[in-house]
Amino acid sequence: MSRQIQEAYIVAALRTPVGRRNGAFRHVRPDDMLAHVLRAVVAQVPELDPREIGDVIAGCAMPEAEQGMNVARIGLLLAGLPAGVPGMTINRFCASGLQAVADAAARIRLGEADVMIAAGTESMSAMPQIMGNKVSINPEIFSRDENRSIAFGMGLTAEKVATQWKVSREDQDAFALESHRRACAAIAAGQFAGEIAPYTVRSHVPGEGGVVRIVERVVQQDEGPRADASAAGLAKLKPVFAARGSVTAGNSSQMSDGAAAVLLMSEAGLKRSGAKPIARVAAHAVAGVPPEVMGIGPVEAIPRALARAGITQDDVGWLELNEAFAAQALAVMRQLGLDPARVNPQGGAIALGHPLGATGAIRVATLMAAMQRDASLRYGMISMCIGTGMGAAGVFERV
């Protein structure tokens with residue numbers, strides 16, 4: 001029996017503050033961060049019976065060690081959701097959080113569920129190195145020239161994008177500085193407050209007489225943005241991936257810790273819970289590009305997502321383009337002719353951080369908050385490049 005395709009709506013999206021690597025969340029487990037946002041997003045709809053949640057899909061780019069063991073299932077149980085709610089962890093590297101939203105929406109569209117949660121979590125403090133606990137690259141990658149770029153570090157791919165698309169060091173640094181300026185302005189204006197679920201960090205410290213004290217600190221805002229960032233300071237930084245390169249720590253995304261959760265419903269789910277939708281998931285697309293220039297991935301993914309949504313680039317009023325590196329973000333913007341005023345209006349990953357598999361879901365929370373503030377904003381988009389040569393893009397329509 002055929003089922004009628006139904007729309008998927010986002011009714012709530014919340015995130016933790018994003019902490020710097022080895023910062024506020026250095027001793028916080030990624031499954032605890034996930035549990036926190038899951039509890040918070042479900043609490044946004046008090047009338048929802050949690051037993052109706054069809055699945056929790058969580059993205060994680062390095063699903064091992066503290067964030068292994070199917071962290072989605074572990075996180076939802078830690079959050080106190082019913083044992084009958086299943087959980088699944090997925091990995092599309094930096095697009096894992098966005099892919100979780102797309103997969104949850106697809107399940108709703110197909111009529112397999114009326115309520116879904118998409119999420120993402122990543123602790124780069126917990127991972128001993130950027131590529132995880134144990135790197136075991138297939139030797140075949142090194143036996144053929146066309147495969148060797150699979151093993152390139154992300155920074156080296158950014159250098160190749162900078163060279164091929166002629167993005168200067170000066171432009172990269174200026175872009176990075178603007179990211180910090182926008183992020184700091186947004187924090188000062190309280191624009192992130194509505195999307196953040198503050199996190200209480202508990203630390204055990206020695207006290208008098210050998211008594212251990214528990215000290216609590218509430219983390220309420222992102223740690224990455226720097227009000228003291230300057231053009232002169234950025235210009236002093238040395239390239240870190242190529243001796244004569246242009247990519248520095250200052251014009252690259254920050255390694256970070258964070259989590260986010262997005263609650264999605266069908267129209268039937270909305271009616272039963274009384275929830276009010278924020279946006280409709282309009283389209284999603286993923287595309288492949290050569291691994292050595294992985295940063296250009298959004299150039300292929302964005303047009304596909306727009307075509308599937310039946311809109312044009314000019315219809316998108318707000319684009320969250322993940323700033324893996326200033327070099328690749330600028331190359332994408334120039335190649336597609338994107339309006340800089342509409343791209344990352346509140347700063348991007350260079351200032352706000354990039355907790356890999358969580359970033360897509362985190363940026364959905366930012367976009368949903370913007371749509372709630374601005375009634376004139378009809379269409380928004382999330383897009384990012386992906387390691388090994390891919391790009392992803394999702395389109396959302398305000399309702």
# chains A, B, ... in the order shown; residues from 1 in each chain; ligands from 1

call {"tool": "select_by_dssp", "arguments": {"residues": "region 117-211 of chain A", "states": "helix (DSSP H, G or I)", "output": "PDB file with N, CA and C atoms, in the first residue's frame"}}
result
ATOM      1  N   PRO A 139      46.258   0.940   3.076  1.00  0.00           N
ATOM      2  CA  PRO A 139      47.512   1.129   2.323  1.00  0.00           C
ATOM      3  C   PRO A 139      47.286   1.366   0.834  1.00  0.00           C
ATOM      4  N   GLU A 140      46.170   0.896   0.311  1.00  0.00           N
ATOM      5  CA  GLU A 140      45.884   1.053  -1.107  1.00  0.00           C
ATOM      6  C   GLU A 140      45.809   2.529  -1.493  1.00  0.00           C
ATOM      7  N   ILE A 141      45.463   3.377  -0.520  1.00  0.00           N
ATOM      8  CA  ILE A 141      45.373   4.813  -0.777  1.00  0.00           C
ATOM      9  C   ILE A 141      46.707   5.358  -1.291  1.00  0.00           C
ATOM     10  N   PHE A 142      47.804   4.797  -0.790  1.00  0.00           N
ATOM     11  CA  PHE A 142      49.130   5.321  -1.133  1.00  0.00           C
ATOM     12  C   PHE A 142      49.740   4.631  -2.348  1.00  0.00           C
ATOM     13  N   ASP A 145      48.367   7.309  -7.385  1.00  0.00           N
ATOM     14  CA  ASP A 145      48.397   8.763  -7.255  1.00  0.00           C
ATOM     15  C   ASP A 145      47.008   9.357  -7.066  1.00  0.00           C
ATOM     16  N   GLU A 146      46.015   8.806  -7.753  1.00  0.00           N
ATOM     17  CA  GLU A 146      44.683   9.402  -7.703  1.00  0.00           C
ATOM     18  C   GLU A 146      44.007   9.209  -6.342  1.00  0.00           C
ATOM     19  N   ASN A 147      44.557   8.342  -5.503  1.00  0.00           N
ATOM     20  CA  ASN A 147      43.949   8.094  -4.192  1.00  0.00           C
ATOM     21  C   ASN A 147      44.671   8.788  -3.043  1.00  0.00           C
ATOM     22  N   ARG A 148      45.866   9.279  -3.281  1.00  0.00           N
ATOM     23  CA  ARG A 148      46.669   9.793  -2.177  1.00  0.00           C
ATOM     24  C   ARG A 148      46.042  10.993  -1.483  1.00  0.00           C
ATOM     25  N   SER A 149      45.262  11.762  -2.213  1.00  0.00           N
ATOM     26  CA  SER A 149      44.647  12.948  -1.615  1.00  0.00           C
ATOM     27  C   SER A 149      43.611  12.591  -0.557  1.00  0.00           C
ATOM     28  N   ILE A 150      43.167  11.335  -0.529  1.00  0.00           N
ATOM     29  CA  ILE A 150      42.242  10.906   0.516  1.00  0.00           C
ATOM     30  C   ILE A 150      42.879  11.078   1.888  1.00  0.00           C
ATOM     31  N   ALA A 151      44.185  10.924   1.945  1.00  0.00           N
ATOM     32  CA  ALA A 151      44.896  10.999   3.216  1.00  0.00           C
ATOM     33  C   ALA A 151      45.381  12.408   3.551  1.00  0.00           C
ATOM     34  N   MET A 154      43.180  18.222   6.437  1.00  0.00           N
ATOM     35  CA  MET A 154      42.236  19.243   5.989  1.00  0.00           C
ATOM     36  C   MET A 154      42.940  20.561   5.676  1.00  0.00           C
ATOM     37  N   GLY A 155      43.967  20.873   6.454  1.00  0.00           N
ATOM     38  CA  GLY A 155      44.680  22.125   6.217  1.00  0.00           C
ATOM     39  C   GLY A 155      45.361  22.165   4.866  1.00  0.00           C
ATOM     40  N   LEU A 156      45.896  21.028   4.454  1.00  0.00           N
ATOM     41  CA  LEU A 156      46.552  20.970   3.152  1.00  0.00           C
ATOM     42  C   LEU A 156      45.541  21.144   2.023  1.00  0.00           C
ATOM     43  N   THR A 157      44.337  20.582   2.192  1.00  0.00           N
ATOM     44  CA  THR A 157      43.305  20.794   1.173  1.00  0.00           C
ATOM     45  C   THR A 157      42.909  22.266   1.107  1.00  0.00           C
ATOM     46  N   ALA A 158      42.915  22.933   2.253  1.00  0.00           N
ATOM     47  CA  ALA A 158      42.594  24.364   2.260  1.00  0.00           C
ATOM     48  C   ALA A 158      43.653  25.156   1.512  1.00  0.00           C
ATOM     49  N   GLU A 159      44.914  24.759   1.655  1.00  0.00           N
ATOM     50  CA  GLU A 159      45.990  25.418   0.916  1.00  0.00           C
ATOM     51  C   GLU A 159      45.805  25.232  -0.591  1.00  0.00           C
ATOM     52  N   LYS A 160      45.390  24.048  -0.987  1.00  0.00           N
ATOM     53  CA  LYS A 160      45.179  23.787  -2.409  1.00  0.00           C
ATOM     54  C   LYS A 160      44.004  24.603  -2.948  1.00  0.00           C
ATOM     55  N   VAL A 161      42.947  24.758  -2.132  1.00  0.00           N
ATOM     56  CA  VAL A 161      41.820  25.603  -2.549  1.00  0.00           C
ATOM     57  C   VAL A 161      42.267  27.054  -2.673  1.00  0.00           C
ATOM     58  N   ALA A 162      43.045  27.520  -1.696  1.00  0.00           N
ATOM     59  CA  ALA A 162      43.526  28.902  -1.731  1.00  0.00           C
ATOM     60  C   ALA A 162      44.337  29.169  -2.991  1.00  0.00           C
ATOM     61  N   THR A 163      45.170  28.205  -3.379  1.00  0.00           N
ATOM     62  CA  THR A 163      45.989  28.362  -4.578  1.00  0.00           C
ATOM     63  C   THR A 163      45.148  28.308  -5.849  1.00  0.00           C
ATOM     64  N   GLN A 164      44.294  27.310  -5.936  1.00  0.00           N
ATOM     65  CA  GLN A 164      43.522  27.112  -7.172  1.00  0.00           C
ATOM     66  C   GLN A 164      42.502  28.216  -7.398  1.00  0.00           C
ATOM     67  N   ARG A 169      46.200  35.582   1.387  1.00  0.00           N
ATOM     68  CA  ARG A 169      46.325  35.557   2.847  1.00  0.00           C
ATOM     69  C   ARG A 169      45.592  36.744   3.457  1.00  0.00           C
ATOM     70  N   GLU A 170      45.720  37.904   2.819  1.00  0.00           N
ATOM     71  CA  GLU A 170      45.071  39.104   3.348  1.00  0.00           C
ATOM     72  C   GLU A 170      43.556  38.957   3.376  1.00  0.00           C
ATOM     73  N   ASP A 171      43.002  38.375   2.319  1.00  0.00           N
ATOM     74  CA  ASP A 171      41.552  38.173   2.277  1.00  0.00           C
ATOM     75  C   ASP A 171      41.098  37.145   3.312  1.00  0.00           C
ATOM     76  N   GLN A 172      41.903  36.121   3.500  1.00  0.00           N
ATOM     77  CA  GLN A 172      41.561  35.110   4.512  1.00  0.00           C
ATOM     78  C   GLN A 172      41.543  35.725   5.908  1.00  0.00           C
ATOM     79  N   ASP A 173      42.555  36.527   6.219  1.00  0.00           N
ATOM     80  CA  ASP A 173      42.618  37.146   7.543  1.00  0.00           C
ATOM     81  C   ASP A 173      41.484  38.149   7.744  1.00  0.00           C
ATOM     82  N   ALA A 174      41.158  38.899   6.703  1.00  0.00           N
ATOM     83  CA  ALA A 174      40.059  39.863   6.806  1.00  0.00           C
ATOM     84  C   ALA A 174      38.735  39.137   7.040  1.00  0.00           C
ATOM     85  N   PHE A 175      38.560  37.998   6.374  1.00  0.00           N
ATOM     86  CA  PHE A 175      37.348  37.201   6.561  1.00  0.00           C
ATOM     87  C   PHE A 175      37.273  36.678   7.994  1.00  0.00           C
ATOM     88  N   ALA A 176      38.400  36.200   8.509  1.00  0.00           N
ATOM     89  CA  ALA A 176      38.445  35.691   9.880  1.00  0.00           C
ATOM     90  C   ALA A 176      38.117  36.782  10.887  1.00  0.00           C
ATOM     91  N   LEU A 177      38.678  37.958  10.679  1.00  0.00           N
ATOM     92  CA  LEU A 177      38.417  39.078  11.588  1.00  0.00           C
ATOM     93  C   LEU A 177      36.939  39.434  11.599  1.00  0.00           C
ATOM     94  N   GLU A 178      36.314  39.430  10.424  1.00  0.00           N
ATOM     95  CA  GLU A 178      34.890  39.741  10.334  1.00  0.00           C
ATOM     96  C   GLU A 178      34.050  38.678  11.024  1.00  0.00           C
ATOM     97  N   SER A 179      34.487  37.425  10.976  1.00  0.00           N
ATOM     98  CA  SER A 179      33.771  36.357  11.667  1.00  0.00           C
ATOM     99  C   SER A 179      33.729  36.633  13.165  1.00  0.00           C
ATOM    100  N   HIS A 180      34.860  37.009  13.729  1.00  0.00           N
ATOM    101  CA  HIS A 180      34.913  37.350  15.155  1.00  0.00           C
ATOM    102  C   HIS A 180      34.066  38.584  15.454  1.00  0.00           C
ATOM    103  N   ARG A 181      34.145  39.592  14.596  1.00  0.00           N
ATOM    104  CA  ARG A 181      33.375  40.816  14.838  1.00  0.00           C
ATOM    105  C   ARG A 181      31.880  40.524  14.859  1.00  0.00           C
ATOM    106  N   ARG A 182      31.412  39.761  13.897  1.00  0.00           N
ATOM    107  CA  ARG A 182      29.989  39.447  13.826  1.00  0.00           C
ATOM    108  C   ARG A 182      29.552  38.597  15.020  1.00  0.00           C
ATOM    109  N   ALA A 183      30.373  37.617  15.383  1.00  0.00           N
ATOM    110  CA  ALA A 183      30.020  36.746  16.505  1.00  0.00           C
ATOM    111  C   ALA A 183      29.954  37.527  17.813  1.00  0.00           C
ATOM    112  N   CYS A 184      30.930  38.389  18.029  1.00  0.00           N
ATOM    113  CA  CYS A 184      30.935  39.190  19.259  1.00  0.00           C
ATOM    114  C   CYS A 184      29.742  40.138  19.300  1.00  0.00           C
ATOM    115  N   ALA A 185      29.384  40.725  18.161  1.00  0.00           N
ATOM    116  CA  ALA A 185      28.226  41.618  18.097  1.00  0.00           C
ATOM    117  C   ALA A 185      26.944  40.850  18.389  1.00  0.00           C
ATOM    118  N   ALA A 186      26.838  39.619  17.870  1.00  0.00           N
ATOM    119  CA  ALA A 186      25.651  38.810  18.108  1.00  0.00           C
ATOM    120  C   ALA A 186      25.527  38.418  19.575  1.00  0.00           C
ATOM    121  N   ILE A 187      26.652  38.097  20.201  1.00  0.00           N
ATOM    122  CA  ILE A 187      26.633  37.766  21.629  1.00  0.00           C
ATOM    123  C   ILE A 187      26.206  38.983  22.445  1.00  0.00           C
ATOM    124  N   ALA A 188      26.770  40.131  22.118  1.00  0.00           N
ATOM    125  CA  ALA A 188      26.432  41.359  22.843  1.00  0.00           C
ATOM    126  C   ALA A 188      24.955  41.704  22.708  1.00  0.00           C
ATOM    127  N   ALA A 193      21.148  33.714  22.670  1.00  0.00           N
ATOM    128  CA  ALA A 193      20.597  33.262  23.948  1.00  0.00           C
ATOM    129  C   ALA A 193      19.434  32.290  23.783  1.00  0.00           C
ATOM    130  N   GLY A 194      18.551  32.530  22.816  1.00  0.00           N
ATOM    131  CA  GLY A 194      17.371  31.702  22.657  1.00  0.00           C
ATOM    132  C   GLY A 194      17.645  30.306  22.147  1.00  0.00           C
ATOM    133  N   GLU A 195      18.815  30.085  21.559  1.00  0.00           N
ATOM    134  CA  GLU A 195      19.130  28.760  20.991  1.00  0.00           C
ATOM    135  C   GLU A 195      20.027  27.933  21.894  1.00  0.00           C
ATOM    136  N   GLU A 208      39.736  22.081  52.374  1.00  0.00           N
ATOM    137  CA  GLU A 208      40.426  21.971  53.659  1.00  0.00           C
ATOM    138  C   GLU A 208      40.168  20.610  54.286  1.00  0.00           C
ATOM    139  N   GLY A 209      41.203  20.103  54.943  1.00  0.00           N
ATOM    140  CA  GLY A 209      41.064  18.829  55.631  1.00  0.00           C
ATOM    141  C   GLY A 209      40.910  17.651  54.701  1.00  0.00           C
ATOM    142  N   GLY A 210      41.324  17.791  53.466  1.00  0.00           N
ATOM    143  CA  GLY A 210      41.242  16.700  52.521  1.00  0.00           C
ATOM    144  C   GLY A 210      39.852  16.448  51.979  1.00  0.00           C
TER     145      GLY A 210
END

call {"tool": "closest_residue", "arguments": {"among": "A:Ala118, A:Gly295, A:Gly389, A:Pro63", "to": "Gln328 (chain A)", "atoms": "only C-alpha atoms"}}
result
A:Gly295

call {"tool": "closest_atom_pairs", "arguments": {"of": "region 256-362 of chain A", "to": "region 100-110 of chain A", "cutoff": "9 Å", "atoms": "only C-alpha atoms", "output": "JSON lines"}}
result
{"residue": "A:Val262", "atom": "CA", "partner": "A:Val101", "partner_atom": "CA", "distance": 7.2}
{"residue": "A:Leu263", "atom": "CA", "partner": "A:Val101", "partner_atom": "CA", "distance": 9.0}
{"residue": "A:Leu264", "atom": "CA", "partner": "A:Ala105", "partner_atom": "CA", "distance": 7.0}
{"residue": "A:Met265", "atom": "CA", "partner": "A:Ile108", "partner_atom": "CA", "distance": 7.1}
{"residue": "A:Ser266", "atom": "CA", "partner": "A:Ile108", "partner_atom": "CA", "distance": 6.1}
{"residue": "A:Val281", "atom": "CA", "partner": "A:Ala105", "partner_atom": "CA", "distance": 6.9}
{"residue": "A:Ala283", "atom": "CA", "partner": "A:Ala102", "partner_atom": "CA", "distance": 8.1}
{"residue": "A:His284", "atom": "CA", "partner": "A:Ala102", "partner_atom": "CA", "distance": 6.4}
{"residue": "A:Ala285", "atom": "CA", "partner": "A:Ala102", "partner_atom": "CA", "distance": 9.0}
{"residue": "A:Gly360", "atom": "CA", "partner": "A:Val101", "partner_atom": "CA", "distance": 8.5}
{"residue": "A:Ala361", "atom": "CA", "partner": "A:Val101", "partner_atom": "CA", "distance": 7.2}

call {"tool": "write_last_selection", "arguments": {"atoms": "N, CA and C atoms", "output": "mmCIF file, in the first residue's frame"}}
result
data_model
loop_
_atom_site.group_PDB
_atom_site.id
_atom_site.type_symbol
_atom_site.label_atom_id
_atom_site.label_comp_id
_atom_site.auth_asym_id
_atom_site.auth_seq_id
_atom_site.Cartn_x
_atom_site.Cartn_y
_atom_site.Cartn_z
ATOM 1 N N VAL A 262 17.529 18.665 17.508
ATOM 2 C CA VAL A 262 16.465 19.270 16.705
ATOM 3 C C VAL A 262 15.248 18.343 16.758
ATOM 4 N N LEU A 263 14.107 18.881 17.164
ATOM 5 C CA LEU A 263 12.874 18.103 17.266
ATOM 6 C C LEU A 263 12.032 18.331 16.021
ATOM 7 N N LEU A 264 11.694 17.246 15.330
ATOM 8 C CA LEU A 264 10.926 17.325 14.089
ATOM 9 C C LEU A 264 9.610 16.568 14.236
ATOM 10 N N MET A 265 8.569 17.062 13.553
ATOM 11 C CA MET A 265 7.263 16.420 13.599
ATOM 12 C C MET A 265 6.574 16.479 12.250
ATOM 13 N N SER A 266 5.673 15.534 12.050
ATOM 14 C CA SER A 266 4.756 15.586 10.916
ATOM 15 C C SER A 266 3.574 16.471 11.302
ATOM 16 N N VAL A 281 11.394 21.433 6.538
ATOM 17 C CA VAL A 281 12.619 20.963 5.892
ATOM 18 C C VAL A 281 12.311 20.844 4.407
ATOM 19 N N ALA A 283 14.582 20.822 1.566
ATOM 20 C CA ALA A 283 15.426 20.029 0.670
ATOM 21 C C ALA A 283 16.774 19.754 1.315
ATOM 22 N N HIS A 284 17.444 18.737 0.793
ATOM 23 C CA HIS A 284 18.795 18.393 1.246
ATOM 24 C C HIS A 284 19.530 17.771 0.073
ATOM 25 N N ALA A 285 20.818 18.040 -0.013
ATOM 26 C CA ALA A 285 21.617 17.462 -1.085
ATOM 27 C C ALA A 285 23.055 17.267 -0.628
ATOM 28 N N GLY A 360 26.518 20.753 12.127
ATOM 29 C CA GLY A 360 25.328 20.884 11.292
ATOM 30 C C GLY A 360 24.080 21.122 12.115
ATOM 31 N N ALA A 361 23.912 20.363 13.200
ATOM 32 C CA ALA A 361 22.747 20.534 14.072
ATOM 33 C C ALA A 361 22.824 21.858 14.838
#

call {"tool": "closest_atom_pairs", "arguments": {"of": "region 265-328 of chain A", "to": "region 4-16 of chain A", "cutoff": "8 Å", "atoms": "only C-alpha atoms", "output": "tab-separated table"}}
result
residue	atom	partner	partner_atom	distance
A:Met265	CA	A:Tyr9	CA	5.3
A:Ser266	CA	A:Ala8	CA	5.1
A:Glu267	CA	A:Glu7	CA	7.0
A:Ala275	CA	A:Val11	CA	6.7
A:Lys276	CA	A:Val11	CA	6.1
A:Pro277	CA	A:Val11	CA	4.4
A:Ile278	CA	A:Val11	CA	5.4
A:Ala279	CA	A:Ile10	CA	5.4
A:Arg280	CA	A:Tyr9	CA	4.4
A:Val281	CA	A:Ala8	CA	5.8

call {"tool": "atom_distance", "arguments": {"atom1": "CA of Pro298 (chain A)", "atom2": "CA of Asp315 (chain A)"}}
result
17.1 Å

call {"tool": "residues_around", "arguments": {"residues": "Ala260 (chain A)", "least_positions_apart": "3", "cutoff": "12 Å", "atoms": "only C-alpha atoms", "output": "VMD selection string"}}
result
chain A and resid 12 to 18 30 to 41 57 to 60 72 75 96 to 98 100 to 101 117 to 122 195 to 199 257 263 355 to 366

call {"tool": "write_last_selection", "arguments": {"atoms": "C-alpha atoms", "output": "compact mmCIF listing (two decimals), in the first residue's frame"}}
result
# COMPACT_ATOMS: atom_id res chain seq x y z
CA ALA A 12 12.45 23.14 18.42
CA ALA A 13 16.24 23.28 18.12
CA LEU A 14 18.65 23.85 20.98
CA ARG A 15 22.39 23.57 21.47
CA THR A 16 25.01 23.77 24.15
CA PRO A 17 27.39 26.68 24.14
CA VAL A 18 30.40 25.71 22.05
CA PRO A 30 30.09 13.94 24.73
CA ASP A 31 27.27 11.57 25.70
CA ASP A 32 26.47 13.85 28.65
CA MET A 33 26.38 16.87 26.33
CA LEU A 34 24.04 14.95 24.04
CA ALA A 35 21.79 13.92 26.92
CA HIS A 36 21.61 17.55 28.03
CA VAL A 37 20.35 18.87 24.69
CA LEU A 38 17.96 15.95 24.26
CA ARG A 39 16.31 16.73 27.60
CA ALA A 40 16.22 20.42 26.76
CA VAL A 41 14.64 20.06 23.33
CA ILE A 57 19.53 10.05 15.07
CA ALA A 58 22.79 11.63 16.24
CA GLY A 59 25.72 12.68 14.10
CA CYS A 60 29.28 12.19 15.30
CA ALA A 72 22.87 8.28 20.21
CA GLY A 75 22.71 9.72 25.18
CA SER A 96 26.91 14.52 10.34
CA GLY A 97 24.59 16.83 12.29
CA LEU A 98 22.92 18.14 9.13
CA ALA A 100 20.88 13.58 10.97
CA VAL A 101 18.27 16.30 10.35
CA ILE A 117 14.93 13.92 17.05
CA ALA A 118 18.05 14.74 15.06
CA ALA A 119 21.18 15.64 16.94
CA GLY A 120 24.94 15.86 16.93
CA THR A 121 27.67 15.68 19.52
CA GLU A 122 31.45 15.97 19.40
CA GLU A 195 19.13 28.76 20.99
CA ILE A 196 21.48 27.88 23.85
CA ALA A 197 20.65 25.48 26.68
CA PRO A 198 23.14 26.57 29.39
CA TYR A 199 25.30 23.76 30.71
CA ASP A 257 33.24 20.73 21.98
CA LEU A 263 12.87 18.10 17.27
CA PRO A 355 32.71 20.56 16.89
CA LEU A 356 32.72 18.43 13.74
CA GLY A 357 29.72 16.06 13.79
CA ALA A 358 27.65 18.45 15.92
CA THR A 359 28.14 21.55 13.78
CA GLY A 360 25.33 20.88 11.29
CA ALA A 361 22.75 20.53 14.07
CA ILE A 362 24.21 23.53 15.92
CA ARG A 363 23.86 25.74 12.88
CA VAL A 364 20.27 24.54 12.39
CA ALA A 365 19.58 25.85 15.91
CA THR A 366 21.09 29.20 14.93

call {"tool": "select_by_dssp", "arguments": {"residues": "region 187-269 of chain A", "states": "strand (DSSP E)", "output": "list in words"}}
result
Tyr199, Thr200, Val201, Arg202, Ser203, His204, Val205, Pro206, Val212, Arg213, Ile214, Val215, Glu216, Arg217, Val218, Val219, Ser256, Asp257, Gly258, Ala259, Ala260, Ala261, Val262, Leu263, Leu264 and Met265 of chain A

call {"tool": "residues_around", "arguments": {"residues": "Val316 (chain A)", "least_positions_apart": "3", "cutoff": "10 Å", "atoms": "only C-alpha atoms", "output": "list in words"}}
result
Leu306, Ile311, Thr312, Gln313, Leu319, Leu338, Asp339, Arg342, Val343, Leu377, Arg378, Tyr379, Gly380, Met381, Val395, Phe396 and Glu397 of chain A

call {"tool": "write_last_selection", "arguments": {"atoms": "C-alpha atoms", "output": "PDB file, in the first residue's frame"}}
result
ATOM      1  CA  LEU A 306      18.132  24.804  -4.308  1.00  0.00           C
ATOM      2  CA  ILE A 311      13.940  28.129  -5.341  1.00  0.00           C
ATOM      3  CA  THR A 312      16.880  30.242  -6.467  1.00  0.00           C
ATOM      4  CA  GLN A 313      19.934  31.459  -4.637  1.00  0.00           C
ATOM      5  CA  LEU A 319      23.059  31.087   4.786  1.00  0.00           C
ATOM      6  CA  LEU A 338      26.952  34.550  -2.680  1.00  0.00           C
ATOM      7  CA  ASP A 339      26.016  37.809  -0.959  1.00  0.00           C
ATOM      8  CA  ARG A 342      23.635  36.939   3.942  1.00  0.00           C
ATOM      9  CA  VAL A 343      26.425  34.496   4.758  1.00  0.00           C
ATOM     10  CA  LEU A 377      13.139  35.593   6.555  1.00  0.00           C
ATOM     11  CA  ARG A 378      11.430  32.933   4.432  1.00  0.00           C
ATOM     12  CA  TYR A 379      14.246  30.652   3.305  1.00  0.00           C
ATOM     13  CA  GLY A 380      17.465  29.729   5.061  1.00  0.00           C
ATOM     14  CA  MET A 381      20.230  27.288   4.239  1.00  0.00           C
ATOM     15  CA  VAL A 395      17.163  24.294   2.736  1.00  0.00           C
ATOM     16  CA  PHE A 396      14.577  25.335   5.312  1.00  0.00           C
ATOM     17  CA  GLU A 397      11.386  27.339   4.803  1.00  0.00           C
TER      18      GLU A 397
END

call {"tool": "residues_around", "arguments": {"residues": "Gln335 (chain A)", "least_positions_apart": "2", "cutoff": "10 Å", "atoms": "only C-alpha atoms", "output": "list in words"}}
result
Trp165, Ile296, Pro298, Val299, Ala329, Leu330, Ala331, Val332, Met333, Gly337 and Leu338 of chain A

call {"tool": "atom_distance", "arguments": {"atom1": "CA of Gly153 (chain A)", "atom2": "CA of Met294 (chain A)"}}
result
10.4 Å

call {"tool": "closest_residue", "arguments": {"among": "A:Glu52, A:Arg29, A:Ala307, A:Ile90", "to": "Leu78 (chain A)", "atoms": "only C-alpha atoms"}}
result
A:Arg29

call {"tool": "closest_residue", "arguments": {"among": "A:Ser136, A:Gln44, A:Asn322, A:Ser203", "to": "Ser253 (chain A)", "atoms": "only C-alpha atoms"}}
result
A:Asn322
